[in-house]
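J.: Structure file final-v3.cif, mmCIF, C-alpha atoms, is pasted below:
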```
data_entry
#
loop_
_atom_site.label_atom_id
_atom_site.label_comp_id
_atom_site.auth_asym_id
_atom_site.auth_seq_id
_atom_site.Cartn_x
_atom_site.Cartn_y
_atom_site.Cartn_z
CA MET A 1 22.52 -26.67 -2.04
CA GLN A 2 18.76 -26.48 -1.51
CA ILE A 3 17.55 -24.56 1.54
CA ILE A 4 15.04 -26.41 3.73
CA LYS A 5 12.93 -23.36 4.58
CA GLN A 6 13.28 -20.03 2.82
CA PRO A 7 12.04 -16.78 4.39
CA MET A 8 8.55 -15.89 3.18
CA GLU A 9 9.84 -12.81 1.36
CA ILE A 10 12.17 -15.04 -0.68
CA GLN A 11 9.76 -17.92 -1.13
CA TYR A 12 7.04 -15.61 -2.47
CA LYS A 13 9.27 -12.92 -3.98
CA GLU A 14 7.51 -12.93 -7.35
CA GLU A 15 4.07 -12.59 -5.77
CA ILE A 16 5.20 -9.69 -3.58
CA GLN A 17 6.73 -7.88 -6.56
CA LYS A 18 3.58 -8.47 -8.59
CA LEU A 19 1.37 -6.97 -5.86
CA ILE A 20 3.65 -3.95 -5.46
CA LYS A 21 3.69 -3.40 -9.23
CA ASN A 22 -0.12 -3.55 -9.42
CA GLU A 23 -0.66 -1.41 -6.32
CA LYS A 24 -3.49 1.11 -6.62
CA GLU A 25 -4.42 1.76 -2.98
CA ASP A 26 -2.87 4.03 -0.37
CA LYS A 27 -0.15 2.54 1.83
CA PRO A 28 0.40 3.27 5.53
CA GLU A 29 3.72 5.01 6.14
CA GLY A 30 6.55 2.47 6.27
CA TRP A 31 4.60 -0.24 4.38
CA GLN A 32 5.69 -1.57 0.99
CA MET A 33 2.11 -2.36 -0.05
CA SER A 34 -1.44 -1.42 0.96
CA PRO A 35 -3.51 -3.35 3.54
CA LEU A 36 -5.68 -4.67 0.70
CA SER A 37 -2.62 -6.04 -1.09
CA VAL A 38 -1.38 -7.62 2.15
CA LYS A 39 -4.73 -9.39 2.43
CA LYS A 40 -4.48 -10.60 -1.18
CA PHE A 41 -0.95 -11.87 -0.52
CA ILE A 42 -2.09 -13.99 2.41
CA LEU A 43 -5.58 -15.06 1.32
CA GLY A 44 -4.91 -15.25 -2.41
CA ASP A 45 -6.13 -13.47 -5.52
CA LYS A 46 -7.11 -15.52 -8.58
CA LYS A 47 -6.97 -12.57 -10.96
CA LEU A 48 -3.35 -11.80 -10.08
CA GLN A 49 -2.51 -15.50 -9.58
CA ILE A 50 -1.58 -15.02 -5.93
CA SER A 51 -1.70 -18.27 -3.94
CA LYS A 52 -3.80 -18.69 -0.81
CA LYS A 53 -1.50 -19.34 2.15
CA ILE A 54 -3.74 -19.29 5.24
CA TYR A 55 -6.99 -21.25 5.44
CA GLY A 56 -10.03 -20.96 7.67
CA ASN A 57 -9.15 -17.71 9.44
CA ASP A 58 -9.95 -15.00 6.87
CA ASP A 59 -11.51 -12.61 9.40
CA ILE A 60 -8.50 -12.92 11.72
CA VAL A 61 -6.17 -12.09 8.84
CA GLU A 62 -8.11 -8.93 8.00
CA ARG A 63 -8.32 -7.79 11.61
CA SER A 64 -4.59 -8.46 12.08
CA ILE A 65 -3.75 -6.25 9.11
CA VAL A 66 -5.92 -3.45 10.48
CA THR A 67 -4.23 -3.75 13.90
CA LEU A 68 -0.77 -3.40 12.37
CA ALA A 69 -1.86 -0.24 10.56
CA THR A 70 -2.42 1.32 14.00
CA ASP A 71 0.04 1.86 16.86
CA ARG A 72 -1.18 -1.21 18.75
CA GLY A 73 0.76 -4.45 18.75
CA LEU A 74 -0.69 -7.74 17.52
CA LEU A 75 -0.76 -10.83 19.74
CA LEU A 76 -1.60 -14.17 18.10
CA THR A 77 -2.57 -16.89 20.57
CA GLY A 78 -3.58 -20.53 20.19
CA VAL A 79 -2.40 -24.10 20.59
CA PRO A 80 0.71 -25.23 18.66
CA GLY A 81 0.20 -25.91 14.98
CA THR A 82 -2.48 -23.31 14.29
CA ALA A 83 -0.23 -21.27 11.96
CA LYS A 84 0.47 -18.39 14.37
CA THR A 85 4.10 -18.20 13.34
CA MET A 86 3.26 -18.65 9.67
CA LEU A 87 0.78 -15.78 9.80
CA SER A 88 3.29 -13.51 11.54
CA GLU A 89 5.92 -14.39 8.90
CA LEU A 90 3.52 -13.70 6.05
CA LEU A 91 2.43 -10.37 7.53
CA THR A 92 6.00 -9.13 8.00
CA ALA A 93 7.08 -10.38 4.56
CA ALA A 94 4.21 -8.50 2.90
CA ILE A 95 4.42 -5.32 4.97
CA CYS A 96 8.16 -4.73 5.37
CA ASN A 97 9.88 -7.54 3.40
CA ASP A 98 11.67 -8.80 6.53
CA SER A 99 10.30 -11.84 8.37
CA LEU A 100 13.67 -12.66 9.96
CA ASN A 101 13.82 -9.70 12.37
CA THR A 102 12.76 -11.87 15.29
CA ILE A 103 13.08 -12.38 19.04
CA GLN A 104 12.67 -15.98 20.23
CA GLY A 105 11.18 -15.94 23.70
CA ASN A 106 12.73 -18.35 26.21
CA ILE A 107 14.08 -18.40 29.75
CA GLY A 108 17.33 -16.81 28.53
CA THR A 109 15.71 -13.82 26.79
CA ASN A 110 17.12 -10.67 28.40
CA GLU A 111 17.31 -6.88 28.17
CA ALA A 112 19.84 -6.98 25.33
CA ASP A 113 17.33 -8.87 23.17
CA LEU A 114 14.91 -5.95 23.52
CA LYS A 115 17.33 -3.01 23.54
CA TYR A 116 21.05 -3.35 22.75
CA SER A 117 24.39 -4.76 23.83
CA TRP A 118 28.01 -3.95 23.01
CA ASN A 119 30.77 -5.33 20.85
CA TYR A 120 33.40 -5.22 23.60
CA SER A 121 36.39 -5.14 21.24
CA LEU A 122 35.01 -2.03 19.53
CA LEU A 123 33.87 -0.60 22.85
CA ILE A 124 37.38 -0.80 24.30
CA SER A 125 39.06 0.63 21.21
CA ASN A 126 36.48 3.26 20.20
CA GLY A 127 34.43 3.86 23.31
CA PRO A 128 30.63 3.87 23.46
CA ASN A 129 29.24 4.89 20.08
CA LYS A 130 26.68 3.52 17.65
CA LYS A 131 29.32 1.54 15.75
CA SER A 132 30.17 -0.32 18.96
CA MET A 133 26.53 -1.27 19.57
CA ILE A 134 24.84 -4.57 18.81
CA LYS A 135 21.29 -3.53 18.04
CA SER A 136 18.36 -5.69 19.11
CA PRO A 137 15.64 -6.66 16.62
CA VAL A 138 13.37 -4.11 18.36
CA LEU A 139 15.90 -1.31 17.94
CA LYS A 140 16.45 -2.20 14.29
CA ALA A 141 12.70 -2.13 13.66
CA MET A 142 12.36 1.25 15.41
CA GLU A 143 15.10 2.83 13.31
CA LYS A 144 13.77 1.35 10.08
CA GLY A 145 10.06 1.83 10.81
CA SER A 146 9.25 -1.84 10.36
CA ILE A 147 7.81 -4.79 12.29
CA VAL A 148 9.59 -7.06 14.76
CA ARG A 149 8.31 -10.56 15.53
CA PHE A 150 8.37 -11.82 19.15
CA GLU A 151 7.88 -15.59 19.15
CA GLU A 152 6.59 -17.35 22.29
CA ILE A 153 6.42 -14.14 24.31
CA THR A 154 5.11 -15.91 27.43
CA ARG A 155 8.26 -18.03 27.60
CA SER A 156 10.38 -14.96 28.26
CA PRO A 157 11.01 -13.83 31.88
CA GLN A 158 8.58 -11.44 33.55
CA GLU A 159 11.15 -8.63 33.72
CA VAL A 160 11.60 -8.80 29.94
CA GLN A 161 7.85 -8.60 29.42
CA ASP A 162 7.67 -5.62 31.78
CA MET A 163 10.43 -3.91 29.80
CA LEU A 164 8.36 -4.32 26.66
CA ILE A 165 5.50 -2.33 28.22
CA SER A 166 7.49 0.92 28.27
CA ILE A 167 8.88 0.31 24.78
CA MET A 168 5.40 -0.16 23.36
CA SER A 169 4.00 2.80 25.28
CA ASP A 170 6.78 5.35 24.73
CA LYS A 171 7.94 4.10 21.31
CA LEU A 172 11.54 4.88 22.19
CA ILE A 173 14.72 3.35 23.60
CA GLN A 174 17.24 5.39 25.57
CA ILE A 175 20.98 4.68 25.42
CA PRO A 176 22.52 6.49 28.41
CA GLU A 177 26.07 5.43 27.49
CA LEU A 178 25.99 7.74 24.46
CA LYS A 179 26.77 11.43 25.00
CA GLU A 180 24.74 12.64 22.00
CA ASN A 181 21.66 11.35 20.20
CA ASN A 182 21.08 8.89 23.01
CA THR A 183 17.37 8.41 22.40
CA ILE A 184 16.09 6.27 19.51
CA PHE A 185 12.55 7.20 18.51
CA ALA A 186 10.45 4.72 16.58
CA LYS A 187 9.67 5.69 13.01
CA LYS A 188 6.22 5.33 11.50
CA GLY A 189 5.59 1.72 10.55
CA PHE A 190 7.19 0.30 13.71
CA ASN A 191 5.12 -2.38 15.40
CA ILE A 192 5.32 -5.75 17.15
CA ILE A 193 3.72 -9.10 16.34
CA ALA A 194 3.88 -11.51 19.28
CA THR A 195 2.79 -15.15 19.49
CA ALA A 196 1.84 -17.13 22.57
CA ASN A 197 1.16 -20.84 23.00
CA THR A 198 -1.96 -21.45 25.11
CA LEU A 199 -1.33 -25.17 25.58
CA ASP A 200 1.94 -25.32 27.54
CA LYS A 201 1.83 -25.04 31.32
CA GLY A 202 4.33 -23.24 33.51
CA VAL A 203 5.08 -20.28 31.27
CA ASN A 204 5.03 -16.64 32.38
CA GLU A 205 1.52 -15.27 32.08
CA MET A 206 1.40 -11.83 30.50
CA SER A 207 0.38 -8.99 32.78
CA SER A 208 -2.83 -7.11 32.07
CA ALA A 209 -0.70 -3.99 31.46
CA LEU A 210 1.18 -5.73 28.64
CA LYS A 211 -1.96 -7.30 27.19
CA ARG A 212 -3.51 -3.83 26.93
CA ARG A 213 -0.76 -2.88 24.48
CA PHE A 214 -1.91 -5.58 22.08
CA ASN A 215 -4.95 -6.48 20.08
CA ILE A 216 -5.32 -10.19 20.76
CA GLU A 217 -6.41 -12.67 18.09
CA HIS A 218 -7.03 -16.27 19.16
CA ILE A 219 -6.53 -18.78 16.36
CA LYS A 220 -8.52 -21.99 16.72
CA PRO A 221 -7.72 -25.34 15.09
CA LEU A 222 -9.60 -26.10 11.89
CA ASN A 223 -12.88 -27.95 12.20
CA ASN A 224 -13.50 -28.67 8.53
CA ILE A 225 -12.36 -32.05 7.23
CA LYS A 226 -12.45 -31.19 3.52
CA LEU A 227 -10.54 -27.93 4.03
CA GLU A 228 -7.98 -29.68 6.23
CA GLN A 229 -7.43 -32.33 3.56
CA GLU A 230 -6.67 -29.59 1.03
CA ILE A 231 -4.19 -27.97 3.41
CA VAL A 232 -2.37 -31.28 3.98
CA LYS A 233 -2.11 -31.88 0.23
CA ASN A 234 -0.88 -28.34 -0.42
CA GLN A 235 1.74 -28.54 2.33
CA ILE A 236 3.05 -31.90 1.12
CA ILE A 237 3.33 -30.62 -2.46
CA LYS A 238 5.18 -27.53 -1.18
CA MET A 239 7.74 -29.81 0.45
CA ASP A 240 8.38 -31.50 -2.88
CA GLU A 241 6.33 -31.12 -6.07
CA THR A 242 7.17 -34.71 -7.04
CA ASN A 243 5.44 -36.13 -3.96
CA LYS A 244 2.72 -38.64 -4.83
CA ILE A 245 -0.44 -37.85 -2.87
CA ASP A 246 -2.63 -40.69 -1.54
CA GLU A 247 -5.95 -38.89 -1.06
CA ASN A 248 -7.57 -41.92 0.57
CA ILE A 249 -4.95 -42.05 3.33
CA ILE A 250 -5.13 -38.27 3.83
CA GLU A 251 -8.92 -38.48 4.17
CA ILE A 252 -8.68 -41.25 6.79
CA LEU A 253 -5.97 -39.49 8.83
CA THR A 254 -7.85 -36.18 8.66
CA THR A 255 -11.06 -37.84 9.79
CA ILE A 256 -9.30 -39.52 12.72
CA TYR A 257 -7.69 -36.24 13.78
CA ASN A 258 -10.96 -34.37 13.50
CA ASP A 259 -12.80 -37.01 15.56
CA LEU A 260 -10.22 -36.98 18.36
CA ARG A 261 -9.75 -33.19 18.31
CA THR A 262 -13.45 -32.38 18.61
CA GLY A 263 -14.53 -35.35 20.76
CA ILE A 264 -17.34 -36.06 18.30
CA THR A 265 -17.02 -38.64 15.50
CA ILE A 266 -18.42 -38.07 12.02
CA GLU A 267 -21.10 -40.60 13.03
CA GLY A 268 -22.13 -38.24 15.83
CA ASP A 269 -20.82 -40.33 18.76
CA LEU A 270 -19.21 -38.66 21.77
CA ILE A 271 -15.68 -39.85 22.56
CA GLU A 272 -12.96 -38.87 24.99
CA LYS A 273 -10.55 -36.21 23.68
CA PRO A 274 -6.81 -36.85 24.17
CA GLU A 275 -4.66 -34.20 25.83
CA LYS A 276 -2.30 -34.29 22.85
CA ASN A 277 -2.31 -31.31 20.50
CA LEU A 278 -3.93 -32.57 17.29
CA SER A 279 -3.21 -29.63 15.02
CA THR A 280 -3.16 -29.54 11.24
CA ALA A 281 0.62 -29.10 11.39
CA GLU A 282 0.90 -32.33 13.41
CA LEU A 283 -1.32 -34.08 10.86
CA VAL A 284 0.95 -32.92 8.02
CA ASN A 285 3.96 -34.30 9.91
CA VAL A 286 2.32 -37.70 10.45
CA TYR A 287 1.36 -38.04 6.78
CA HIS A 288 4.81 -36.86 5.69
CA GLU A 289 6.42 -39.54 7.86
CA CYS A 290 4.13 -42.11 6.25
CA MET A 291 5.32 -40.96 2.83
CA ILE A 292 9.02 -41.05 3.75
CA HIS A 293 8.67 -44.54 5.29
CA ALA A 294 6.85 -45.81 2.20
CA LYS A 295 9.35 -44.19 -0.17
CA PHE A 296 12.35 -45.99 1.31
CA PHE A 297 10.82 -49.26 2.51
CA SER A 298 7.54 -49.94 0.65
CA ASN A 299 7.99 -48.81 -2.96
CA SER A 300 6.17 -45.54 -2.14
CA GLU A 301 2.93 -47.37 -1.32
CA ILE A 302 1.44 -46.26 2.02
CA ASP A 303 -0.36 -49.17 3.62
CA ALA A 304 -2.41 -49.38 6.82
CA ASN A 305 0.52 -50.78 8.80
CA ILE A 306 2.60 -47.67 8.11
CA VAL A 307 -0.33 -45.37 8.94
CA PHE A 308 -0.94 -47.17 12.22
CA ASP A 309 2.74 -47.07 13.16
CA LYS A 310 3.10 -43.31 12.56
CA LEU A 311 -0.24 -42.48 14.16
CA ILE A 312 0.44 -44.43 17.36
CA ASN A 313 4.05 -43.21 17.60
CA SER A 314 2.84 -39.62 17.50
CA PHE A 315 1.23 -40.18 20.92
CA ASP A 316 3.12 -40.31 24.21
CA GLU A 317 2.92 -43.89 25.47
CA ASN A 318 3.54 -42.62 29.01
CA ASN A 319 0.42 -40.44 28.96
CA GLU A 320 -2.18 -42.84 30.37
CA ASN A 321 -5.10 -40.52 29.61
CA ASP A 322 -4.19 -40.27 25.93
CA ILE A 323 -3.62 -44.02 25.54
CA ARG A 324 -6.96 -44.71 27.22
CA ALA A 325 -8.71 -42.24 24.91
CA LEU A 326 -7.02 -43.79 21.88
CA ASN A 327 -7.97 -47.34 22.92
CA TYR A 328 -11.58 -46.25 23.49
CA TYR A 329 -11.69 -44.57 20.08
CA PHE A 330 -10.41 -47.69 18.33
CA GLU A 331 -12.90 -49.95 20.14
CA LYS A 332 -15.87 -47.63 19.61
CA THR A 333 -15.22 -46.00 16.23
CA ILE A 334 -12.45 -47.73 14.26
CA LYS A 335 -13.99 -51.14 14.97
CA LEU A 336 -17.36 -49.89 13.66
CA ARG A 337 -15.77 -48.61 10.43
CA SER A 338 -13.62 -51.74 10.02
CA SER A 339 -16.57 -53.73 8.67
CA THR A 340 -16.90 -51.50 5.61
CA ASN A 341 -13.37 -50.19 5.00
CA GLU A 342 -10.24 -52.30 4.50
CA ILE A 343 -7.81 -49.69 5.85
CA TYR A 344 -9.88 -49.12 9.00
CA ASN A 345 -10.06 -52.92 9.37
CA LYS A 346 -6.25 -53.21 9.27
CA LEU A 347 -5.87 -50.26 11.65
CA TYR A 348 -8.15 -51.98 14.15
CA LYS A 349 -6.34 -55.33 13.82
CA ASN A 350 -3.01 -53.58 14.52
CA MET A 351 -4.43 -52.05 17.72
CA VAL A 352 -5.72 -55.45 18.86
CA LYS A 353 -2.22 -56.92 18.40
CA ILE A 354 -0.50 -54.47 20.74
CA LYS A 355 -3.06 -54.60 23.57
#
```
Would you put the structure from the file into structure tokens?
T.:
Amino acid sequence: MQIIKQPMEIQYKEEIQKLIKNEKEDKPEGWQMSPLSVKKFILGDKKLQISKKIYGNDDIVERSIVTLATDRGLLLTGVPGTAKTMLSELLTAAICNDSLNTIQGNIGTNEADLKYSWNYSLLISNGPNKKSMIKSPVLKAMEKGSIVRFEEITRSPQEVQDMLISIMSDKLIQIPELKENNTIFAKKGFNIIATANTLDKGVNEMSSALKRRFNIEHIKPLNNIKLEQEIVKNQIIKMDETNKIDENIIEILTTIYNDLRTGITIEGDLIEKPEKNLSTAELVNVYHECMIHAKFFSNSEIDANIVFDKLINSFDENNENDIRALNYYFEKTIKLRSSTNEIYNKLYKNMVKIK
């Protein structure tokens, strides 16, 4: 049975082994490869035939690696779809070969997720000892000297965030229930990578005290149409190497996304930006849906009707501001392009039909 999404350390096992085998630089304690090799793993190396996995944020990648070589945590912020999680997975796969040691921040995240809990059957029969413990991802990383990922940290309750301050400052966890060896000290190599979504409202803002424990890297959406087209193609091929790529459709979708995301069309006209998150990841999803629809219902040919359907359905019809912005864009920009491009012409005619 084929797995939908393999951990990065499995997906790129051969590349990781190749980099370790060819290692010539010094490694920080607890790391399986040097910072330079981590950079090659993420940004690619033609000589060693290492694929490029992150695009458009080379400086952020390098600074992130440097941060993790220190005792400071790394906080990746940005709107959804800017590859924050992907970067954190790649970093942990390269550094400690374990991208799955993760805390998922949400309203139910509690002290046990940061420290430990108990297997009550073993606790009753054997009493409080390390065999009776259920170790948190943080505790496991401390003992091993590796990195723990904390996804969506601002979704976790304030008391959990406050608890993290002392863990990051003291680099230890105390277990008062144990009579002996009741303090776990973090080994060299221990660190935390956290991610935070800057788009959602109503989450728990991090305190300045917690922010001071991190180096913060803000990842912005791509603003390069050609580069974004390459990313979409690469991601679609990764899903299935047999996928047939329609570069013309990808170019049109990427151009539309770039126009709406920036509020400036390629013709230089100012337009209203929708509230919707128009990330590269969202663009990949829309094109992938076009492909799946065409595969099962249109002999794998993606036409303008399918593109229009998936594009419009990706917007919330109950968001009046977004629908207004989309209507304005079609009347101002798509209509202008419709006179010289058949696909744009069909896109515009579809919009006219539903008004």
J.: Report the residues retrieved by the PyMOL selection byres ((chain A and resi 303) around 9) from the displayed file, expressed as a PDB file with C-alpha atoms, in the frame of the given file.
T.:
```pdb
ATOM      1  CA  ILE A 249      -4.950 -42.050   3.330  1.00  0.00           C
ATOM      2  CA  CYS A 290       4.130 -42.110   6.250  1.00  0.00           C
ATOM      3  CA  ALA A 294       6.850 -45.810   2.200  1.00  0.00           C
ATOM      4  CA  SER A 298       7.540 -49.940   0.650  1.00  0.00           C
ATOM      5  CA  GLU A 301       2.930 -47.370  -1.320  1.00  0.00           C
ATOM      6  CA  ILE A 302       1.440 -46.260   2.020  1.00  0.00           C
ATOM      7  CA  ALA A 304      -2.410 -49.380   6.820  1.00  0.00           C
ATOM      8  CA  ASN A 305       0.520 -50.780   8.800  1.00  0.00           C
ATOM      9  CA  ILE A 306       2.600 -47.670   8.110  1.00  0.00           C
ATOM     10  CA  VAL A 307      -0.330 -45.370   8.940  1.00  0.00           C
ATOM     11  CA  PHE A 308      -0.940 -47.170  12.220  1.00  0.00           C
ATOM     12  CA  ILE A 343      -7.810 -49.690   5.850  1.00  0.00           C
TER      13      ILE A 343
END
```
J.: Evaluate the PyMOL selection byres ((chain A and resi 63-77) around 7) here and jot the selected residues down as a ChimeraX atom specification.
T.: /A:28,35,59-62,78,84,191-198,213-219
J.: Using only C-alpha atoms, which of the listed residues (A:Thr82, A:Asn182, A:Asn299, A:Asn224) sits closest to Leu278 (chain A)?
T.: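 Among A:Thr82, A:Asn182, A:Asn299, A:Asn224, it is A:Thr82 that comes nearest to Leu278 (chain A).
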J.: Have a look at A:Ile292, A:Ile252, A:Ile153, A:Val286 and name the one nearest to Ile334 (chain A); count all atoms listed in the file.
T.: A:Ile252
J.: Can you work out the spacing between CA of Glu282 (chain A) and CA of Asn327 (chain A) in Å, to one decimal?
T.: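 One can read the CA of Glu282 (chain A) to CA of Asn327 (chain A) distance as 19.9 Å.
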J.: For CA of Lys53 (chain A) and CA of Leu283 (chain A), determine how far apart the two atoms are, in Å to one decimal place.
T.: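 If I compute the distance from CA of Lys53 (chain A) to CA of Leu283 (chain A), I get 17.1 Å.
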J.: Find the residue from A:Glu317, A:Asp259, A:Glu289, A:Glu15 that sits nearest to Phe330 (chain A); use all atoms listed in the file when measuring.
T.: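 Closest residue, counting all atoms listed in the file: A:Asp259.
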J.: Hey, which of A:Lys171, A:Lys220, A:Lys39, A:Lys115 ends up closest to Ala83 (chain A)? Count all atoms listed in the file.
T.: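 Smallest distance to Ala83 (chain A) is found for A:Lys220.
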J.: Evaluate the PyMOL selection byres ((chain A and resi 280) around 10) here and jot the selected residues down as a PyMOL selection string.
T.: chain A and resi 80-83+221-223+228-229+231-232+254+257-258+277-279+281-286
J.: Determine the nearest neighbour of Ile266 (chain A) from the options A:Asn204, A:Thr109, A:Asn57, A:Thr333, counting only C-alpha atoms.
T.: A:Thr333
J.: One decimal, in Å: what's the spacing between CA of Leu100 (chain A) and CA of Thr154 (chain A)?
T.: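 Here the two named atoms are 19.7 Å from each other.
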J.: Using all atoms listed in the file, find each residue in region 209-300 of chain A having at least one atom no more than 10 Å away from region 161-167 of chain A; report its shortest atom-to-atom pair and that distance in Å (one decimal), rows by chain then rising number, as a tab-separated table.
T.:
```
residue	atom	partner	partner_atom	distance
A:Ala209	CA	A:Ile165	CA	7.2
A:Leu210	CA	A:Ile165	CA	5.5
A:Lys211	CA	A:Ile165	CA	9.0
A:Arg212	CA	A:Ile165	CA	9.2
A:Arg213	CA	A:Ile165	CA	7.3
```
J.: Within 7 Å of Ser37 (chain A), counting only C-alpha atoms, which residues qualify if same-chain residues fewer than 4 places away don't, as a list in words?
T.: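 Residues meeting the cut-off are Leu19, Met33 and Phe41 of chain A.
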J.: Check the smallest atom-to-atom distance from each of A:Gln235, A:Asn318, A:Gln158, A:Leu253 to Met206 (chain A) using all atoms listed in the file, then report the winner.
T.: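 The closest residue to Met206 (chain A) is A:Gln158.
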J.: Please provide as a PyMOL selection string all residues within 10 Å of Thr92 (chain A), with the sequence filter that same-chain residues fewer than 4 positions apart are discarded (counting only C-alpha atoms).
T.: chain A and resi 8-9+31+38+68+87-88+96-101+146-149+192-193
J.: Suppose we keep C-alpha atoms; can you now write the selection as a PDB file, in the frame of the given file?
T.:
```
ATOM      1  CA  MET A   8       8.550 -15.890   3.180  1.00  0.00           C
ATOM      2  CA  GLU A   9       9.840 -12.810   1.360  1.00  0.00           C
ATOM      3  CA  TRP A  31       4.600  -0.240   4.380  1.00  0.00           C
ATOM      4  CA  VAL A  38      -1.380  -7.620   2.150  1.00  0.00           C
ATOM      5  CA  LEU A  68      -0.770  -3.400  12.370  1.00  0.00           C
ATOM      6  CA  LEU A  87       0.780 -15.780   9.800  1.00  0.00           C
ATOM      7  CA  SER A  88       3.290 -13.510  11.540  1.00  0.00           C
ATOM      8  CA  CYS A  96       8.160  -4.730   5.370  1.00  0.00           C
ATOM      9  CA  ASN A  97       9.880  -7.540   3.400  1.00  0.00           C
ATOM     10  CA  ASP A  98      11.670  -8.800   6.530  1.00  0.00           C
ATOM     11  CA  SER A  99      10.300 -11.840   8.370  1.00  0.00           C
ATOM     12  CA  LEU A 100      13.670 -12.660   9.960  1.00  0.00           C
ATOM     13  CA  ASN A 101      13.820  -9.700  12.370  1.00  0.00           C
ATOM     14  CA  SER A 146       9.250  -1.840  10.360  1.00  0.00           C
ATOM     15  CA  ILE A 147       7.810  -4.790  12.290  1.00  0.00           C
ATOM     16  CA  VAL A 148       9.590  -7.060  14.760  1.00  0.00           C
ATOM     17  CA  ARG A 149       8.310 -10.560  15.530  1.00  0.00           C
ATOM     18  CA  ILE A 192       5.320  -5.750  17.150  1.00  0.00           C
ATOM     19  CA  ILE A 193       3.720  -9.100  16.340  1.00  0.00           C
TER      20      ILE A 193
END
```
J.: If we count all atoms listed in the file and set the cut-off at 10 Å, which residues sit around region 125-135 of chain A, ignoring sequence neighbours fewer than 5 positions away in its own chain? Please answer as a ChimeraX atom specification.
T.: /A:112-120,140-141,175-182
J.: Give, as AutoDock Vina command-line options, the centre coordinates and the x, y and z edge lengths in Å to one decimal for an axis-aligned box around all listed atoms of region 236-242 of chain A, padded by 4 Å on each side.
T.:
```
--center_x 5.7 --center_y -31.1 --center_z -3.0 --size_x 13.3 --size_y 15.2 --size_z 16.2
```
J.: Which residues are close to Leu260 (chain A), i.e. within 8 Å by all atoms listed in the file, leaving aside same-chain residues fewer than 5 positions away? Reply as JSON, numbers by chain.
T.: {"A": [265, 271, 272, 273, 274, 278, 329]}
